[in-house]
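See below for entry-v6.cif, which holds mmCIF, C-alpha atoms; chains and numbers go by the auth columns.
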```cif
data_data
loop_
_atom_site.group_PDB
_atom_site.id
_atom_site.type_symbol
_atom_site.label_atom_id
_atom_site.label_comp_id
_atom_site.label_asym_id
_atom_site.label_seq_id
_atom_site.Cartn_x
_atom_site.Cartn_y
_atom_site.Cartn_z
_atom_site.B_iso_or_equiv
_atom_site.auth_seq_id
_atom_site.auth_asym_id
ATOM 1 C CA MET A 1 -3.841 -13.916 -10.869 0.00 1 A
ATOM 2 C CA PRO A 2 -4.445 -17.494 -9.728 0.00 2 A
ATOM 3 C CA GLY A 3 -3.609 -18.223 -6.091 0.00 3 A
ATOM 4 C CA VAL A 4 -3.772 -14.535 -5.096 0.00 4 A
ATOM 5 C CA LYS A 5 -6.357 -13.170 -2.674 0.00 5 A
ATOM 6 C CA VAL A 6 -6.229 -9.410 -2.066 0.00 6 A
ATOM 7 C CA VAL A 7 -6.873 -8.740 1.628 0.00 7 A
ATOM 8 C CA ALA A 8 -6.498 -4.937 1.840 0.00 8 A
ATOM 9 C CA THR A 9 -5.789 -2.010 -0.480 0.00 9 A
ATOM 10 C CA ASN A 10 -4.588 1.504 0.223 0.00 10 A
ATOM 11 C CA ARG A 11 -6.973 3.572 -1.894 0.00 11 A
ATOM 12 C CA LYS A 12 -5.647 6.906 -0.600 0.00 12 A
ATOM 13 C CA ALA A 13 -2.131 6.200 -1.903 0.00 13 A
ATOM 14 C CA ALA A 14 -2.914 6.978 -5.560 0.00 14 A
ATOM 15 C CA HIS A 15 -4.695 10.177 -4.512 0.00 15 A
ATOM 16 C CA ASN A 16 -1.936 11.453 -2.218 0.00 16 A
ATOM 17 C CA TYR A 17 1.157 10.330 -4.157 0.00 17 A
ATOM 18 C CA HIS A 18 2.640 10.020 -7.636 0.00 18 A
ATOM 19 C CA LEU A 19 3.407 6.297 -7.640 0.00 19 A
ATOM 20 C CA GLY A 20 6.629 5.050 -9.220 0.00 20 A
ATOM 21 C CA GLU A 21 8.394 1.699 -9.123 0.00 21 A
ATOM 22 C CA ARG A 22 6.487 -1.123 -7.442 0.00 22 A
ATOM 23 C CA TYR A 23 7.887 -4.066 -5.519 0.00 23 A
ATOM 24 C CA GLU A 24 6.497 -7.226 -3.932 0.00 24 A
ATOM 25 C CA ALA A 25 7.767 -7.833 -0.412 0.00 25 A
ATOM 26 C CA GLY A 26 7.270 -10.622 2.078 0.00 26 A
ATOM 27 C CA LEU A 27 6.440 -9.923 5.734 0.00 27 A
ATOM 28 C CA ILE A 28 7.725 -11.381 8.975 0.00 28 A
ATOM 29 C CA LEU A 29 4.584 -12.057 11.019 0.00 29 A
ATOM 30 C CA THR A 30 3.501 -13.852 14.176 0.00 30 A
ATOM 31 C CA GLY A 31 0.945 -16.662 14.102 0.00 31 A
ATOM 32 C CA THR A 32 -1.920 -14.493 15.327 0.00 32 A
ATOM 33 C CA GLU A 33 -1.139 -11.832 12.704 0.00 33 A
ATOM 34 C CA ILE A 34 -1.401 -14.207 9.758 0.00 34 A
ATOM 35 C CA LYS A 35 -4.696 -15.567 11.125 0.00 35 A
ATOM 36 C CA SER A 36 -6.036 -12.023 11.369 0.00 36 A
ATOM 37 C CA ILE A 37 -4.836 -11.259 7.823 0.00 37 A
ATOM 38 C CA ARG A 38 -6.578 -14.368 6.504 0.00 38 A
ATOM 39 C CA ALA A 39 -9.738 -13.091 8.189 0.00 39 A
ATOM 40 C CA GLY A 40 -9.274 -9.792 6.284 0.00 40 A
ATOM 41 C CA ARG A 41 -8.874 -7.594 9.360 0.00 41 A
ATOM 42 C CA VAL A 42 -6.177 -5.240 8.020 0.00 42 A
ATOM 43 C CA ASN A 43 -6.032 -1.466 7.447 0.00 43 A
ATOM 44 C CA LEU A 44 -3.216 -0.023 5.289 0.00 44 A
ATOM 45 C CA GLY A 45 -4.568 3.555 5.356 0.00 45 A
ATOM 46 C CA ASP A 46 -1.872 5.251 7.454 0.00 46 A
ATOM 47 C CA GLY A 47 0.924 2.808 6.699 0.00 47 A
ATOM 48 C CA TYR A 48 4.372 3.653 5.373 0.00 48 A
ATOM 49 C CA VAL A 49 7.757 1.984 4.978 0.00 49 A
ATOM 50 C CA GLN A 50 10.906 3.285 6.645 0.00 50 A
ATOM 51 C CA PRO A 51 14.509 2.139 6.206 0.00 51 A
ATOM 52 C CA GLN A 52 16.402 1.363 9.402 0.00 52 A
ATOM 53 C CA ASP A 53 19.827 -0.276 9.735 0.00 53 A
ATOM 54 C CA GLY A 54 19.827 -1.538 6.146 0.00 54 A
ATOM 55 C CA GLU A 55 16.365 -3.101 6.479 0.00 55 A
ATOM 56 C CA LEU A 56 12.887 -1.943 5.518 0.00 56 A
ATOM 57 C CA TRP A 57 10.145 -1.801 8.150 0.00 57 A
ATOM 58 C CA LEU A 58 6.398 -1.541 7.589 0.00 58 A
ATOM 59 C CA LEU A 59 5.045 0.925 10.138 0.00 59 A
ATOM 60 C CA ASN A 60 1.605 2.071 11.263 0.00 60 A
ATOM 61 C CA VAL A 61 -0.310 -0.723 9.509 0.00 61 A
ATOM 62 C CA HIS A 62 -3.172 -1.975 11.672 0.00 62 A
ATOM 63 C CA ILE A 63 -3.641 -5.746 11.827 0.00 63 A
ATOM 64 C CA ALA A 64 -6.509 -6.351 14.255 0.00 64 A
ATOM 65 C CA PRO A 65 -5.862 -8.656 17.226 0.00 65 A
ATOM 66 C CA TYR A 66 -6.958 -12.249 16.715 0.00 66 A
ATOM 67 C CA ASP A 67 -9.676 -12.725 19.337 0.00 67 A
ATOM 68 C CA PRO A 68 -9.226 -16.461 20.079 0.00 68 A
ATOM 69 C CA ALA A 69 -5.572 -15.772 21.014 0.00 69 A
ATOM 70 C CA GLY A 70 -6.578 -13.841 24.127 0.00 70 A
ATOM 71 C CA ARG A 71 -3.665 -12.202 25.924 0.00 71 A
ATOM 72 C CA GLN A 72 -1.022 -14.002 23.837 0.00 72 A
ATOM 73 C CA GLY A 73 -1.997 -11.942 20.774 0.00 73 A
ATOM 74 C CA HIS A 74 0.024 -9.228 19.024 0.00 74 A
ATOM 75 C CA ALA A 75 0.157 -5.433 19.187 0.00 75 A
ATOM 76 C CA PRO A 76 -2.034 -4.155 16.298 0.00 76 A
ATOM 77 C CA ARG A 77 0.381 -1.459 15.018 0.00 77 A
ATOM 78 C CA ARG A 78 3.758 -3.036 15.746 0.00 78 A
ATOM 79 C CA PRO A 79 6.615 -2.546 13.212 0.00 79 A
ATOM 80 C CA ARG A 80 6.948 -5.449 10.778 0.00 80 A
ATOM 81 C CA LYS A 81 10.098 -6.291 8.846 0.00 81 A
ATOM 82 C CA LEU A 82 9.823 -6.533 5.059 0.00 82 A
ATOM 83 C CA LEU A 83 11.641 -9.200 3.065 0.00 83 A
ATOM 84 C CA LEU A 84 13.241 -8.043 -0.185 0.00 84 A
ATOM 85 C CA HIS A 85 16.449 -8.760 -2.076 0.00 85 A
ATOM 86 C CA ARG A 86 19.464 -6.742 -0.897 0.00 86 A
ATOM 87 C CA ARG A 87 19.709 -5.005 -4.313 0.00 87 A
ATOM 88 C CA GLU A 88 16.091 -3.850 -4.061 0.00 88 A
ATOM 89 C CA ILE A 89 16.538 -2.627 -0.490 0.00 89 A
ATOM 90 C CA ASN A 90 19.661 -0.652 -1.434 0.00 90 A
ATOM 91 C CA ARG A 91 17.890 0.932 -4.425 0.00 91 A
ATOM 92 C CA LEU A 92 14.876 1.926 -2.307 0.00 92 A
ATOM 93 C CA VAL A 93 16.990 3.283 0.568 0.00 93 A
ATOM 94 C CA SER A 94 19.057 5.445 -1.799 0.00 94 A
ATOM 95 C CA ARG A 95 15.902 6.853 -3.424 0.00 95 A
ATOM 96 C CA VAL A 96 14.252 7.597 -0.052 0.00 96 A
ATOM 97 C CA GLN A 97 17.312 9.585 1.010 0.00 97 A
ATOM 98 C CA GLU A 98 16.625 11.871 -1.967 0.00 98 A
ATOM 99 C CA ARG A 99 14.283 14.682 -1.032 0.00 99 A
ATOM 100 C CA GLY A 100 10.569 14.096 -1.492 0.00 100 A
ATOM 101 C CA TYR A 101 10.485 10.306 -1.894 0.00 101 A
ATOM 102 C CA THR A 102 8.764 7.868 0.424 0.00 102 A
ATOM 103 C CA ILE A 103 7.655 4.239 0.263 0.00 103 A
ATOM 104 C CA VAL A 104 3.974 3.428 0.694 0.00 104 A
ATOM 105 C CA PRO A 105 2.150 0.096 0.909 0.00 105 A
ATOM 106 C CA LEU A 106 -0.443 -0.281 -1.867 0.00 106 A
ATOM 107 C CA ARG A 107 -2.042 -3.625 -1.110 0.00 107 A
ATOM 108 C CA LEU A 108 -1.668 -6.634 1.116 0.00 108 A
ATOM 109 C CA TYR A 109 -2.520 -10.020 -0.337 0.00 109 A
ATOM 110 C CA LEU A 110 -2.095 -13.748 0.132 0.00 110 A
ATOM 111 C CA LYS A 111 -0.083 -15.475 -2.584 0.00 111 A
ATOM 112 C CA ASN A 112 0.082 -19.255 -2.339 0.00 112 A
ATOM 113 C CA GLY A 113 -0.770 -18.974 1.369 0.00 113 A
ATOM 114 C CA ARG A 114 1.941 -16.414 2.161 0.00 114 A
ATOM 115 C CA ALA A 115 1.281 -12.784 3.055 0.00 115 A
ATOM 116 C CA LYS A 116 2.825 -10.306 0.614 0.00 116 A
ATOM 117 C CA VAL A 117 2.675 -6.527 0.487 0.00 117 A
ATOM 118 C CA GLU A 118 2.985 -4.470 -2.694 0.00 118 A
ATOM 119 C CA ILE A 119 4.994 -1.330 -1.993 0.00 119 A
ATOM 120 C CA ALA A 120 5.704 1.607 -4.265 0.00 120 A
ATOM 121 C CA LEU A 121 8.267 4.363 -4.384 0.00 121 A
ATOM 122 C CA ALA A 122 6.166 7.507 -4.209 0.00 122 A
ATOM 123 C CA ARG A 123 6.472 11.274 -4.340 0.00 123 A
ATOM 124 C CA GLY A 124 3.878 13.393 -2.537 0.00 124 A
ATOM 125 C CA LYS A 125 1.315 15.285 -4.609 0.00 125 A
ATOM 126 C CA ARG A 126 0.750 18.984 -4.126 0.00 126 A
ATOM 127 C CA LYS A 127 -2.745 20.289 -3.452 0.00 127 A
ATOM 128 C CA TYR A 128 -3.167 21.579 -7.002 0.00 128 A
ATOM 129 C CA ASP A 129 -2.178 18.165 -8.395 0.00 129 A
ATOM 130 C CA LYS A 130 -4.969 16.583 -6.359 0.00 130 A
ATOM 131 C CA ARG A 131 -7.475 19.192 -7.572 0.00 131 A
ATOM 132 C CA GLN A 132 -6.387 18.575 -11.160 0.00 132 A
ATOM 133 C CA ALA A 133 -6.859 14.812 -10.758 0.00 133 A
ATOM 134 C CA ILE A 134 -10.338 15.311 -9.277 0.00 134 A
ATOM 135 C CA ALA A 135 -11.327 17.695 -12.096 0.00 135 A
ATOM 136 C CA LYS A 136 -10.048 15.227 -14.718 0.00 136 A
ATOM 137 C CA ARG A 137 -11.966 12.357 -13.107 0.00 137 A
ATOM 138 C CA ASP A 138 -15.177 14.434 -12.937 0.00 138 A
ATOM 139 C CA ALA A 139 -14.832 15.470 -16.593 0.00 139 A
ATOM 140 C CA GLN A 140 -14.331 11.839 -17.624 0.00 140 A
ATOM 141 C CA ARG A 141 -17.410 10.849 -15.629 0.00 141 A
ATOM 142 C CA GLU A 142 -19.471 13.552 -17.390 0.00 142 A
ATOM 143 C CA VAL A 143 -18.306 12.346 -20.817 0.00 143 A
ATOM 144 C CA GLU A 144 -19.217 8.747 -19.974 0.00 144 A
ATOM 145 C CA ARG A 145 -22.605 9.849 -18.653 0.00 145 A
ATOM 146 C CA ALA A 146 -23.301 11.844 -21.828 0.00 146 A
ATOM 147 C CA LEU A 147 -22.285 8.906 -24.048 0.00 147 A
ATOM 148 C CA LYS A 148 -24.477 6.555 -22.040 0.00 148 A
ATOM 149 C CA GLU A 149 -27.424 8.968 -22.325 0.00 149 A
ATOM 150 C CA GLN A 150 -26.850 9.341 -26.079 0.00 150 A
ATOM 151 C CA HIS A 151 -26.637 5.566 -26.476 0.00 151 A
ATOM 152 C CA ARG A 152 -30.060 5.128 -24.822 0.00 152 A
ATOM 153 C CA GLN A 153 -31.806 7.357 -27.356 0.00 153 A
#
```
Just give me the structure of the file as structure tokens.
Amino acid sequence: MPGVKVVATNRKAAHNYHLGERYEAGLILTGTEIKSIRAGRVNLGDGYVQPQDGELWLLNVHIAPYDPAGRQGHAPRRPRKLLLHRREINRLVSRVQERGYTIVPLRLYLKNGRAKVEIALARGKRKYDKRQAIAKRDAQREVERALKEQHRQ
């Protein structure tokens, strides 16, 4: 996409969850946070989204402190409010109240100079689901390797 620069991705999300509906949300940030994001110093690994008082909050996402700010910087793991339409928030909150659903951040990117986060409604995978996915991926890799080897000869 033109004008989009992906800053961070959550690669563990697809492994740990069955991903459903996806949404693009804006973030309320401080000045030092956006500078740190532009520098690419973000980790989404442990992040999740939690509804609170009719709003959605991005929690446990690490945005590294911006060094030139000194003491006036931000707390790296502070809660950050997400910006979505009221309809979308209501839909997500109702689904999260169902058993087994959560909201996870998939990637953080800059779109036309503004920080956006792609979130997805997700349901946790069981251990056997993860094993099945790994086995399927390994089998696919073997097939590709065999085809590549056959193509060389």
Subject >> Neighbour list for Lys5 in chain A as a ChimeraX atom specification, cut-off 8 Å, all atoms listed in the file, skip fewer than 4 positions in-chain >> reply: /A:109-111
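Picked out by the PyMOL selection byres ((chain A and resi 117) around 8) when it runs on this file: A:Glu24, A:Ala25, A:Gly26, A:Leu27, A:Pro105, A:Leu106, A:Arg107, A:Leu108, A:Tyr109, A:Ala115, A:Lys116, A:Glu118, A:Ile119.
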**OP:** List the neighbours of Val96 in chain A out to 10 Å using all atoms listed in the file; skip same-chain residues closer than 2 positions along the sequence, and give me the result as a PyMOL selection string.
**Re:** chain A and resi 49-51+90-94+98-103+121-123
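CA of Arg78 in chain A to CA of Gly54 in chain A spans 18.8 Å [interatomic distance, one decimal].
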Original post:
Can you list, as a PyMOL selection string, the residues that the PyMOL selection byres ((chain A and resi 36) around 12) selects here?
Top reply: chain A and resi 7-8+29-35+37-43+62-69+73-76+115
Subject >> Result set of the PyMOL selection byres ((chain A and resi 56-60) around 6) on the coordinates above, as a list in words >> reply: Gly47, Tyr48, Val49, Gln50, Pro51, Glu55, Val61, Arg77, Pro79, Arg80, Lys81 and Leu82 of chain A
Return the padded bounding box of range 91-109 of chain A as JSON: axis-aligned, built from all atoms listed in the file, 5 Å added on each side, with centre and edge lengths in Å to one decimal.
```
{"center_x": 8.3, "center_y": 2.3, "center_z": -1.7, "size_x": 31.6, "size_y": 34.7, "size_z": 15.5}
```
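Going from CA of Ala14 in chain A over to CA of Arg131 in chain A, you cover 13.2 Å.
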Original post:
Which of these residues is nearest to Arg87 in chain A, using only C-alpha atoms: A:Asp138, A:Gln72, A:Lys127, A:Tyr23?
Top reply: A:Tyr23
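Across the structure, CA of Val6 in chain A and CA of Ala120 in chain A are spaced 16.4 Å apart.
Using all atoms listed in the file, the smallest distance between any of A:Ile89, A:Arg95, A:Val104, A:Leu83 and Asn10 in chain A comes from A:Val104.
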Subject >> Answer as a ChimeraX atom specification, residues within 12 Å of (-6.9, 15.5, -9.2) using only C-alpha atoms >> reply: /A:14-18,125-140
